[in-house]
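Below is protein-v2.pdb, which holds PDB, C-alpha atoms.
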MODEL        1
ATOM      1  CA  MET A   1     197.690 177.891 115.130
ATOM      2  CA  ALA A   2     196.152 181.333 115.560
ATOM      3  CA  TYR A   3     198.899 182.710 113.346
ATOM      4  CA  LEU A   4     197.734 180.534 110.428
ATOM      5  CA  PHE A   5     194.091 181.481 111.008
ATOM      6  CA  TYR A   6     194.828 185.228 111.029
ATOM      7  CA  THR A   7     197.023 184.886 107.942
ATOM      8  CA  PHE A   8     194.256 183.033 106.111
ATOM      9  CA  CYS A   9     191.677 185.668 107.115
ATOM     10  CA  PHE A  10     194.003 188.499 106.037
ATOM     11  CA  PHE A  11     194.604 186.995 102.575
ATOM     12  CA  THR A  12     190.898 186.223 102.155
ATOM     13  CA  ILE A  13     189.968 189.833 102.931
ATOM     14  CA  LEU A  14     192.777 191.107 100.704
ATOM     15  CA  THR A  15     191.710 188.875  97.790
ATOM     16  CA  GLY A  16     188.028 189.773  98.238
ATOM     17  CA  THR A  17     188.844 193.485  98.239
ATOM     18  CA  ALA A  18     191.019 193.163  95.125
ATOM     19  CA  LEU A  19     188.282 191.243  93.300
ATOM     20  CA  TYR A  20     185.659 193.789  94.335
ATOM     21  CA  LEU A  21     187.736 196.751  93.164
ATOM     22  CA  THR A  22     188.585 195.144  89.807
ATOM     23  CA  ARG A  23     185.139 193.644  89.099
ATOM     24  CA  ALA A  24     184.592 195.906  86.073
ATOM     25  CA  ARG A  25     187.475 194.133  84.300
ATOM     26  CA  TRP A  26     186.617 190.494  84.929
ATOM     27  CA  LEU A  27     182.884 190.290  85.729
ATOM     28  CA  GLU A  28     181.613 190.475  82.124
ATOM     29  CA  SER A  29     183.943 187.749  80.845
ATOM     30  CA  PHE A  30     183.113 185.599  83.872
ATOM     31  CA  GLN A  31     179.370 185.904  83.177
ATOM     32  CA  ALA A  32     179.942 185.118  79.473
ATOM     33  CA  THR A  33     181.882 181.997  80.473
ATOM     34  CA  ILE A  34     179.063 180.849  82.760
ATOM     35  CA  VAL A  35     176.472 181.383  79.998
ATOM     36  CA  ASN A  36     178.677 179.456  77.555
ATOM     37  CA  ILE A  37     178.938 176.524  79.977
ATOM     38  CA  GLN A  38     175.158 176.546  80.538
ATOM     39  CA  ASN A  39     174.542 176.513  76.773
ATOM     40  CA  ARG A  40     176.956 173.615  76.324
ATOM     41  CA  ILE A  41     175.197 171.653  79.048
ATOM     42  CA  GLU A  42     171.749 172.313  77.548
ATOM     43  CA  ASP A  43     172.897 171.376  74.026
ATOM     44  CA  GLY A  44     174.307 168.086  75.275
ATOM     45  CA  ARG A  45     177.889 168.935  74.241
ATOM     46  CA  PHE A  46     179.029 168.402  77.816
ATOM     47  CA  PRO A  47     179.384 164.974  79.447
ATOM     48  CA  GLY A  48     176.103 164.219  81.196
ATOM     49  CA  GLY A  49     174.559 167.413  79.836
ATOM     50  CA  SER A  50     171.654 165.810  78.071
ATOM     51  CA  TYR A  51     169.881 164.044  80.887
ATOM     52  CA  LEU A  52     167.325 162.442  78.631
ATOM     53  CA  TYR A  53     167.752 161.103  75.141
ATOM     54  CA  SER A  54     164.609 160.906  73.092
ATOM     55  CA  ARG A  55     164.493 159.538  69.586
ATOM     56  CA  LEU A  56     162.794 161.751  67.020
ATOM     57  CA  PRO A  57     159.585 160.333  65.554
ATOM     58  CA  SER A  58     159.960 158.996  62.028
ATOM     59  CA  SER A  59     156.364 159.176  60.786
ATOM     60  CA  PHE A  60     153.446 161.563  60.764
ATOM     61  CA  ALA A  61     151.734 159.485  63.470
ATOM     62  CA  GLY A  62     154.853 159.753  65.646
ATOM     63  CA  ASP A  63     155.038 163.490  65.016
ATOM     64  CA  ALA A  64     151.426 163.914  66.125
ATOM     65  CA  GLU A  65     152.046 161.811  69.252
ATOM     66  CA  ALA A  66     155.162 163.868  70.099
ATOM     67  CA  GLY A  67     153.061 167.031  70.188
ATOM     68  CA  LEU A  68     154.086 168.354  66.778
ATOM     69  CA  SER A  69     150.511 168.901  65.666
ATOM     70  CA  SER A  70     147.778 171.407  66.455
ATOM     71  CA  SER A  71     144.527 172.704  65.033
ATOM     72  CA  ASN A  72     146.499 175.156  62.868
ATOM     73  CA  PHE A  73     149.019 172.517  61.754
ATOM     74  CA  ASP A  74     146.969 169.340  61.593
ATOM     75  CA  LEU A  75     148.656 166.028  60.766
ATOM     76  CA  THR A  76     145.594 163.818  61.208
ATOM     77  CA  GLY A  77     144.841 163.976  57.474
ATOM     78  CA  ASN A  78     148.258 162.501  56.728
ATOM     79  CA  VAL A  79     147.836 159.824  59.403
ATOM     80  CA  GLU A  80     144.326 158.843  58.279
ATOM     81  CA  ALA A  81     145.410 158.687  54.632
ATOM     82  CA  GLY A  82     148.173 156.250  55.571
ATOM     83  CA  ASP A  83     150.914 158.555  54.304
ATOM     84  CA  SER A  84     154.110 156.488  54.187
ATOM     85  CA  ARG A  85     156.523 159.413  54.039
ATOM     86  CA  GLY A  86     159.014 159.946  56.840
ATOM     87  CA  GLY A  87     157.177 162.744  58.600
ATOM     88  CA  LEU A  88     158.361 166.278  59.161
ATOM     89  CA  ASP A  89     161.916 167.579  58.645
ATOM     90  CA  ALA A  90     164.211 166.082  61.323
ATOM     91  CA  THR A  91     166.247 169.252  61.877
ATOM     92  CA  ALA A  92     163.154 171.402  62.276
ATOM     93  CA  LYS A  93     161.557 168.832  64.608
ATOM     94  CA  ARG A  94     164.633 168.784  66.819
ATOM     95  CA  GLU A  95     164.786 172.576  67.027
ATOM     96  CA  ILE A  96     161.051 172.991  67.643
ATOM     97  CA  LEU A  97     161.067 170.354  70.380
ATOM     98  CA  ARG A  98     164.073 172.075  71.968
ATOM     99  CA  ILE A  99     162.282 175.443  71.852
ATOM    100  CA  MET A 100     159.154 173.873  73.351
ATOM    101  CA  GLN A 101     161.174 172.442  76.252
ATOM    102  CA  ARG A 102     163.423 175.418  76.958
ATOM    103  CA  ARG A 103     160.903 178.214  76.564
ATOM    104  CA  ARG A 104     157.874 176.214  77.711
ATOM    105  CA  MET A 105     155.870 177.100  74.609
ATOM    106  CA  GLN A 106     153.035 175.329  72.868
ATOM    107  CA  PHE A 107     153.671 173.873  69.408
ATOM    108  CA  ASP A 108     152.209 176.777  67.411
ATOM    109  CA  GLU A 109     154.222 179.365  69.350
ATOM    110  CA  ALA A 110     157.428 177.328  69.054
ATOM    111  CA  ARG A 111     156.889 176.828  65.311
ATOM    112  CA  ARG A 112     156.314 180.580  64.839
ATOM    113  CA  PHE A 113     159.431 181.382  66.894
ATOM    114  CA  TYR A 114     161.491 178.868  64.869
ATOM    115  CA  MET A 115     160.307 180.319  61.561
ATOM    116  CA  GLU A 116     161.037 183.889  62.715
ATOM    117  CA  GLN A 117     164.582 182.789  63.598
ATOM    118  CA  ARG A 118     165.004 181.160  60.179
ATOM    119  CA  PHE A 119     163.621 184.250  58.405
ATOM    120  CA  GLN A 120     165.948 186.516  60.359
ATOM    121  CA  ALA A 121     168.959 184.303  59.613
ATOM    122  CA  ASN A 122     168.130 184.414  55.893
ATOM    123  CA  GLY A 123     167.559 188.172  55.732
ATOM    124  CA  ILE A 124     163.774 188.089  55.503
ATOM    125  CA  GLY A 125     161.670 190.608  57.417
ATOM    126  CA  ALA A 126     158.761 189.803  59.736
ATOM    127  CA  ASP A 127     156.321 190.740  56.966
ATOM    128  CA  GLY A 128     157.854 188.134  54.605
ATOM    129  CA  ARG A 129     159.686 190.544  52.333
ATOM    130  CA  PRO A 130     163.477 190.439  51.909
ATOM    131  CA  LYS A 131     165.516 192.993  53.857
ATOM    132  CA  ASP A 132     167.850 193.440  50.898
ATOM    133  CA  PRO A 133     167.992 197.147  49.957
ATOM    134  CA  LYS A 134     168.355 196.180  46.265
ATOM    135  CA  PHE A 135     165.062 194.261  46.294
ATOM    136  CA  VAL A 136     162.493 195.594  43.837
ATOM    137  CA  SER A 137     158.871 194.477  43.961
ATOM    138  CA  PHE A 138     156.165 195.080  41.379
ATOM    139  CA  SER A 139     152.610 194.705  42.561
TER     140      SER A 139
ENDMDL
END

Target format structure tokens, applied to this file:
Amino acid sequence: MAYLFYTFCFFTILTGTALYLTRARWLESFQATIVNIQNRIEDGRFPGGSYLYSRLPSSFAGDAEAGLSSSNFDLTGNVEAGDSRGGLDATAKREILRIMQRRRMQFDEARRFYMEQRFQANGIGADGRPKDPKFVSFS
């Protein structure tokens, strides 16, 4: 029995040493794999990843109740006027709510962060001007 125990200990030490000496080769891809799995779990693309399903509001009143309103982005005028439209854009609502949950931001900060991401994805600078080098502006 001691023979098996010593053999197990020897191979454990040998494997640990080999992993330690070759960590520069495999550590970065291992960390990238872990981050990928965490992202899949958070996005709900993994079984059981989305622990709570919440339906998006479908009116301005629902948007205001869900926290998608502030003093800078006030929806009470739409609610009081009895606006029958479907509320805010569903894709933007989903992303802003996700940003609010993940980054623990208030609505205004999450909306600003979302818009900065959209601007950056579309090649627009932080000042609102296009980043295209061929852009010509007359003022």

One-decimal distance in Å that lies between atom CA of Cys9 of chain A and atom CA of Trp26 of chain A:
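Distance reported for this atom pair: 23.3 Å.
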
For atom CA of Arg103 of chain A and atom CA of Thr91 of chain A, the interatomic separation in Å (one decimal):
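Answer for the atom CA of Arg103 of chain A to atom CA of Thr91 of chain A separation: 18.0 Å.
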
Return as a VMD selection string the set of residues that the PyMOL selection byres ((chain A and resi 64-71) around 9) yields on the displayed structure.
chain A and resid 56 to 57 59 to 63 72 to 76 79 88 93 96 to 97 106 to 108

Now that the selection is made, can you save its residues with C-alpha atoms as a compact mmCIF listing (two decimals), in the coordinates of the input?
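Result file follows (again.txt):
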# COMPACT_ATOMS: atom_id res chain seq x y z
CA LEU A 56 162.79 161.75 67.02
CA PRO A 57 159.58 160.33 65.55
CA SER A 59 156.36 159.18 60.79
CA PHE A 60 153.45 161.56 60.76
CA ALA A 61 151.73 159.49 63.47
CA GLY A 62 154.85 159.75 65.65
CA ASP A 63 155.04 163.49 65.02
CA ASN A 72 146.50 175.16 62.87
CA PHE A 73 149.02 172.52 61.75
CA ASP A 74 146.97 169.34 61.59
CA LEU A 75 148.66 166.03 60.77
CA THR A 76 145.59 163.82 61.21
CA VAL A 79 147.84 159.82 59.40
CA LEU A 88 158.36 166.28 59.16
CA LYS A 93 161.56 168.83 64.61
CA ILE A 96 161.05 172.99 67.64
CA LEU A 97 161.07 170.35 70.38
CA GLN A 106 153.04 175.33 72.87
CA PHE A 107 153.67 173.87 69.41
CA ASP A 108 152.21 176.78 67.41

Around all the atoms of segment 98-110 of chain A listed in the file, with 3 Å of room on each side, what axis-aligned box do you get, giving centre and edge lengths in Å to one decimal, as lines of an AutoDock Vina configuration file?
center_x = 158.1
center_y = 175.7
center_z = 72.6
size_x = 17.9
size_y = 13.3
size_z = 16.3

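The spacing separating atom CA of Ser58 of chain A from atom CA of Arg111 of chain A amounts to 18.4 Å.
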
Give as an NGL selection string the residues that the PyMOL selection byres ((chain A and resi 113-119) around 9) matches when applied to the coordinates above.
:A and (92 or 95-96 or 99 or 108-112 or 120-126 or 128 or 130)
